[in-house]
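Printed here is data24.csv (CSV, C-alpha atoms):
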chain,number,residue,atom,x,y,z
A,2,GLY,CA,115.2,99.2,106.9
A,3,THR,CA,112.6,100.8,109.1
A,4,ARG,CA,110.7,103.6,107.4
A,5,ARG,CA,108.3,106.1,109.0
A,6,TYR,CA,105.0,106.7,107.3
A,7,ALA,CA,106.0,110.3,106.5
A,8,ASP,CA,109.2,109.2,104.9
A,9,ILE,CA,107.4,106.7,102.7
A,10,GLY,CA,104.9,109.4,101.7
A,11,ARG,CA,107.8,111.8,100.7
A,12,ALA,CA,109.4,109.0,98.6
A,13,LEU,CA,106.1,108.6,96.7
A,14,PRO,CA,105.0,112.2,95.8
A,15,GLY,CA,102.2,111.1,93.5
A,16,ALA,CA,100.5,108.9,96.0
A,17,SER,CA,97.6,110.4,98.1
A,18,ALA,CA,97.7,109.8,101.8
A,19,LYS,CA,94.5,107.7,101.5
A,20,MET,CA,96.0,105.5,98.8
A,21,LEU,CA,99.3,105.1,100.7
A,22,THR,CA,97.4,104.1,103.9
A,23,GLN,CA,95.3,101.6,102.0
A,24,THR,CA,98.3,100.1,100.3
A,25,LEU,CA,100.4,99.8,103.5
A,26,ARG,CA,97.4,98.2,105.3
A,27,ALA,CA,97.0,95.7,102.4
A,28,LEU,CA,100.8,94.9,102.5
A,29,GLU,CA,100.6,94.4,106.3
A,30,ARG,CA,97.5,92.2,105.9
A,31,ASP,CA,99.3,90.1,103.3
A,32,GLY,CA,102.4,89.7,105.5
A,33,PHE,CA,104.8,91.9,103.5
A,34,VAL,CA,105.4,94.6,106.1
A,35,THR,CA,105.0,95.0,109.8
A,36,ARG,CA,103.6,98.2,111.4
A,37,LYS,CA,104.7,99.6,114.7
A,38,VAL,CA,102.8,102.5,116.4
A,39,THR,CA,104.7,104.6,119.0
A,40,PRO,CA,102.4,106.7,121.1
A,41,ALA,CA,103.8,110.2,120.9
A,42,VAL,CA,102.7,113.6,119.9
A,43,PRO,CA,102.2,113.2,117.0
A,44,VAL,CA,101.8,109.5,116.8
A,45,GLN,CA,104.8,107.8,115.1
A,46,VAL,CA,104.1,104.9,112.7
A,47,GLU,CA,106.9,102.8,111.4
A,48,TYR,CA,107.0,100.0,108.8
A,49,ASP,CA,109.5,97.3,108.2
A,50,LEU,CA,109.7,94.6,105.5
A,51,THR,CA,109.1,91.1,106.7
A,52,PRO,CA,111.4,88.3,105.4
A,53,MET,CA,108.7,87.5,102.8
A,54,GLY,CA,108.5,91.2,101.8
A,55,ALA,CA,112.3,91.4,101.5
A,56,SER,CA,112.3,88.2,99.3
A,57,LEU,CA,110.4,90.2,96.7
A,58,LEU,CA,113.2,92.9,96.3
A,59,PRO,CA,115.3,90.9,93.7
A,60,ILE,CA,112.2,90.1,91.7
A,61,LEU,CA,111.1,93.8,91.7
A,62,ALA,CA,114.6,94.9,90.7
A,63,SER,CA,114.4,92.5,87.7
A,64,VAL,CA,111.1,93.9,86.7
A,65,LYS,CA,112.4,97.5,87.0
A,66,ASP,CA,115.5,96.5,84.9
A,67,TRP,CA,113.3,95.0,82.2
A,68,ALA,CA,111.1,98.1,82.1
A,69,ASP,CA,114.1,100.4,81.9
A,70,ALA,CA,115.5,98.3,79.0
A,71,ASN,CA,112.1,98.2,77.1
A,72,ILE,CA,110.6,101.6,77.8
A,73,ASP,CA,111.5,103.0,74.3
A,74,GLY,CA,109.7,100.0,72.7
A,75,ILE,CA,106.7,100.5,74.9
A,76,HIS,CA,106.5,104.2,74.0
A,77,ALA,CA,106.8,103.3,70.3
A,78,ALA,CA,104.1,100.7,70.5
A,79,ARG,CA,101.8,103.1,72.2
A,80,GLU,CA,102.4,105.7,69.6
A,81,ARG,CA,101.8,103.2,66.8
A,82,TYR,CA,98.6,102.1,68.5
A,83,ASP,CA,97.3,105.6,69.1
A,84,THR,CA,97.9,106.7,65.5
A,85,ASP,CA,96.5,103.5,63.9
A,86,ASP,CA,93.3,104.2,62.0
A,87,ASP,CA,91.9,100.8,62.8
A,88,ALA,CA,92.1,101.2,66.6
Represent the supplied structure as structure tokens.
Amino acid sequence: GTRRYADIGRALPGASAKMLTQTLRALERDGFVTRKVTPAVPVQVEYDLTPMGASLLPILASVKDWADANIDGIHAARERYDTDDDA
């Protein structure tokens, strides 16, 4: 659904405002989101997924599911790598 810029920012607490703005602009440029500016005080900026953007949701959900299922193995591999004398 439609999300205001501030709502997106709150959902991504580790992202700086600059990085969020750059990423949203890139997503808009690539056709994944649309941006609507409503002149108000303060200005309201809203984003929506385009049909192409929405088509990525099942793919991203699959990647998240894979990561959740394999995170322990990833952590173990990192620990082995970090403690390996040959690395």
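Between atom CA of His76 of chain A and atom CA of Ala62 of chain A the separation is 20.8 Å.
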For this session: Compare A:Thr35, A:Thr84, A:Asn71, A:Ser17 by their minimum atom-to-atom distance to Met53 of chain A, counting only C-alpha atoms, and give me the closest one.
Result: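 Going through A:Thr35, A:Thr84, A:Asn71, A:Ser17 one by one, the smallest distance to Met53 of chain A is for A:Thr35.
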Exercise. What is the atom CA of Tyr82 of chain A to atom CA of Trp67 of chain A distance in Å?
Worked result: 21.3 Å
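With atom CA of Tyr48 of chain A on one side and atom CA of Asp69 of chain A on the other, the separation reads 27.8 Å.
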For Val34 of chain A, work out the shell of residues within 10 Å, counting only C-alpha atoms and skipping chain neighbours fewer than 3 positions away, then give it as an mmCIF file with C-alpha atoms, keeping the file's coordinate frame.
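Saved to around_23.cif:
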data_model
loop_
_atom_site.group_PDB
_atom_site.id
_atom_site.type_symbol
_atom_site.label_atom_id
_atom_site.label_comp_id
_atom_site.auth_asym_id
_atom_site.auth_seq_id
_atom_site.Cartn_x
_atom_site.Cartn_y
_atom_site.Cartn_z
ATOM 1 C CA THR A 3 112.600 100.800 109.100
ATOM 2 C CA LEU A 25 100.400 99.800 103.500
ATOM 3 C CA ARG A 26 97.400 98.200 105.300
ATOM 4 C CA ALA A 27 97.000 95.700 102.400
ATOM 5 C CA LEU A 28 100.800 94.900 102.500
ATOM 6 C CA GLU A 29 100.600 94.400 106.300
ATOM 7 C CA ARG A 30 97.500 92.200 105.900
ATOM 8 C CA ASP A 31 99.300 90.100 103.300
ATOM 9 C CA LYS A 37 104.700 99.600 114.700
ATOM 10 C CA GLU A 47 106.900 102.800 111.400
ATOM 11 C CA TYR A 48 107.000 100.000 108.800
ATOM 12 C CA ASP A 49 109.500 97.300 108.200
ATOM 13 C CA LEU A 50 109.700 94.600 105.500
ATOM 14 C CA THR A 51 109.100 91.100 106.700
ATOM 15 C CA PRO A 52 111.400 88.300 105.400
ATOM 16 C CA MET A 53 108.700 87.500 102.800
ATOM 17 C CA GLY A 54 108.500 91.200 101.800
ATOM 18 C CA ALA A 55 112.300 91.400 101.500
#
Can you give me N, CA, C and O atoms for segment 32-57 of chain A, written as a JSON list (two decimals), in the frame of the given file?
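Written file, rebuild02.json:
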[["chain", "number", "residue", "atom", "x", "y", "z"],
["A", 32, "GLY", "N", 101.21, 90.20, 104.84],
["A", 32, "GLY", "CA", 102.40, 89.70, 105.50],
["A", 32, "GLY", "C", 103.72, 90.24, 104.88],
["A", 32, "GLY", "O", 104.79, 89.70, 105.16],
["A", 33, "PHE", "N", 103.64, 91.31, 104.08],
["A", 33, "PHE", "CA", 104.80, 91.90, 103.50],
["A", 33, "PHE", "C", 105.54, 92.91, 104.32],
["A", 33, "PHE", "O", 106.74, 93.14, 104.17],
["A", 34, "VAL", "N", 104.78, 93.58, 105.18],
["A", 34, "VAL", "CA", 105.40, 94.60, 106.10],
["A", 34, "VAL", "C", 104.78, 94.41, 107.47],
["A", 34, "VAL", "O", 103.71, 93.84, 107.65],
["A", 35, "THR", "N", 105.53, 94.91, 108.45],
["A", 35, "THR", "CA", 105.00, 95.00, 109.80],
["A", 35, "THR", "C", 104.86, 96.49, 110.13],
["A", 35, "THR", "O", 105.56, 97.34, 109.56],
["A", 36, "ARG", "N", 103.94, 96.78, 111.02],
["A", 36, "ARG", "CA", 103.60, 98.20, 111.40],
["A", 36, "ARG", "C", 103.79, 98.30, 112.89],
["A", 36, "ARG", "O", 103.32, 97.47, 113.66],
["A", 37, "LYS", "N", 104.48, 99.37, 113.30],
["A", 37, "LYS", "CA", 104.70, 99.60, 114.70],
["A", 37, "LYS", "C", 104.22, 101.07, 115.00],
["A", 37, "LYS", "O", 104.66, 102.01, 114.32],
["A", 38, "VAL", "N", 103.34, 101.21, 115.99],
["A", 38, "VAL", "CA", 102.80, 102.50, 116.40],
["A", 38, "VAL", "C", 103.47, 102.90, 117.71],
["A", 38, "VAL", "O", 103.40, 102.14, 118.68],
["A", 39, "THR", "N", 104.08, 104.07, 117.75],
["A", 39, "THR", "CA", 104.70, 104.60, 119.00],
["A", 39, "THR", "C", 103.82, 105.75, 119.45],
["A", 39, "THR", "O", 103.71, 106.77, 118.74],
["A", 40, "PRO", "N", 103.19, 105.60, 120.63],
["A", 40, "PRO", "CA", 102.40, 106.70, 121.10],
["A", 40, "PRO", "C", 103.24, 107.92, 121.46],
["A", 40, "PRO", "O", 104.09, 107.85, 122.34],
["A", 41, "ALA", "N", 103.07, 108.95, 120.73],
["A", 41, "ALA", "CA", 103.80, 110.20, 120.90],
["A", 41, "ALA", "C", 102.92, 111.31, 120.39],
["A", 41, "ALA", "O", 101.83, 111.06, 119.92],
["A", 42, "VAL", "N", 103.40, 112.51, 120.47],
["A", 42, "VAL", "CA", 102.70, 113.60, 119.90],
["A", 42, "VAL", "C", 103.56, 114.25, 118.84],
["A", 42, "VAL", "O", 104.56, 114.87, 119.19],
["A", 43, "PRO", "N", 103.29, 114.08, 117.54],
["A", 43, "PRO", "CA", 102.20, 113.20, 117.00],
["A", 43, "PRO", "C", 102.60, 111.75, 117.05],
["A", 43, "PRO", "O", 103.76, 111.40, 117.26],
["A", 44, "VAL", "N", 101.62, 110.90, 116.83],
["A", 44, "VAL", "CA", 101.80, 109.50, 116.80],
["A", 44, "VAL", "C", 102.85, 109.11, 115.73],
["A", 44, "VAL", "O", 102.81, 109.68, 114.64],
["A", 45, "GLN", "N", 103.78, 108.22, 116.05],
["A", 45, "GLN", "CA", 104.80, 107.80, 115.10],
["A", 45, "GLN", "C", 104.42, 106.38, 114.60],
["A", 45, "GLN", "O", 104.21, 105.50, 115.43],
["A", 46, "VAL", "N", 104.35, 106.22, 113.29],
["A", 46, "VAL", "CA", 104.10, 104.90, 112.70],
["A", 46, "VAL", "C", 105.25, 104.53, 111.83],
["A", 46, "VAL", "O", 105.69, 105.30, 110.99],
["A", 47, "GLU", "N", 105.78, 103.33, 112.09],
["A", 47, "GLU", "CA", 106.90, 102.80, 111.40],
["A", 47, "GLU", "C", 106.61, 101.50, 110.69],
["A", 47, "GLU", "O", 105.83, 100.71, 111.22],
["A", 48, "TYR", "N", 107.23, 101.28, 109.55],
["A", 48, "TYR", "CA", 107.00, 100.00, 108.80],
["A", 48, "TYR", "C", 108.36, 99.39, 108.52],
["A", 48, "TYR", "O", 109.36, 100.07, 108.29],
["A", 49, "ASP", "N", 108.34, 98.07, 108.54],
["A", 49, "ASP", "CA", 109.50, 97.30, 108.20],
["A", 49, "ASP", "C", 109.08, 96.17, 107.22],
["A", 49, "ASP", "O", 107.95, 95.66, 107.33],
["A", 50, "LEU", "N", 109.95, 95.80, 106.31],
["A", 50, "LEU", "CA", 109.70, 94.60, 105.50],
["A", 50, "LEU", "C", 109.83, 93.37, 106.32],
["A", 50, "LEU", "O", 110.74, 93.27, 107.14],
["A", 51, "THR", "N", 108.94, 92.43, 106.10],
["A", 51, "THR", "CA", 109.10, 91.10, 106.70],
["A", 51, "THR", "C", 110.08, 90.32, 105.83],
["A", 51, "THR", "O", 110.42, 90.77, 104.72],
["A", 52, "PRO", "N", 110.53, 89.16, 106.28],
["A", 52, "PRO", "CA", 111.40, 88.30, 105.40],
["A", 52, "PRO", "C", 110.70, 88.03, 104.07],
["A", 52, "PRO", "O", 111.35, 88.05, 103.02],
["A", 53, "MET", "N", 109.39, 87.79, 104.09],
["A", 53, "MET", "CA", 108.70, 87.50, 102.80],
["A", 53, "MET", "C", 108.69, 88.77, 101.94],
["A", 53, "MET", "O", 108.91, 88.68, 100.73],
["A", 54, "GLY", "N", 108.49, 89.94, 102.54],
["A", 54, "GLY", "CA", 108.50, 91.20, 101.80],
["A", 54, "GLY", "C", 109.92, 91.42, 101.18],
["A", 54, "GLY", "O", 110.05, 91.81, 100.01],
["A", 55, "ALA", "N", 110.94, 91.19, 101.97],
["A", 55, "ALA", "CA", 112.30, 91.40, 101.50],
["A", 55, "ALA", "C", 112.65, 90.40, 100.36],
["A", 55, "ALA", "O", 113.44, 90.73, 99.47],
["A", 56, "SER", "N", 112.02, 89.23, 100.38],
["A", 56, "SER", "CA", 112.30, 88.20, 99.30],
["A", 56, "SER", "C", 111.81, 88.71, 97.95],
["A", 56, "SER", "O", 112.24, 88.19, 96.92],
["A", 57, "LEU", "N", 110.92, 89.70, 97.92],
["A", 57, "LEU", "CA", 110.40, 90.20, 96.70],
["A", 57, "LEU", "C", 111.40, 91.26, 96.03],
["A", 57, "LEU", "O", 111.29, 91.55, 94.83]]
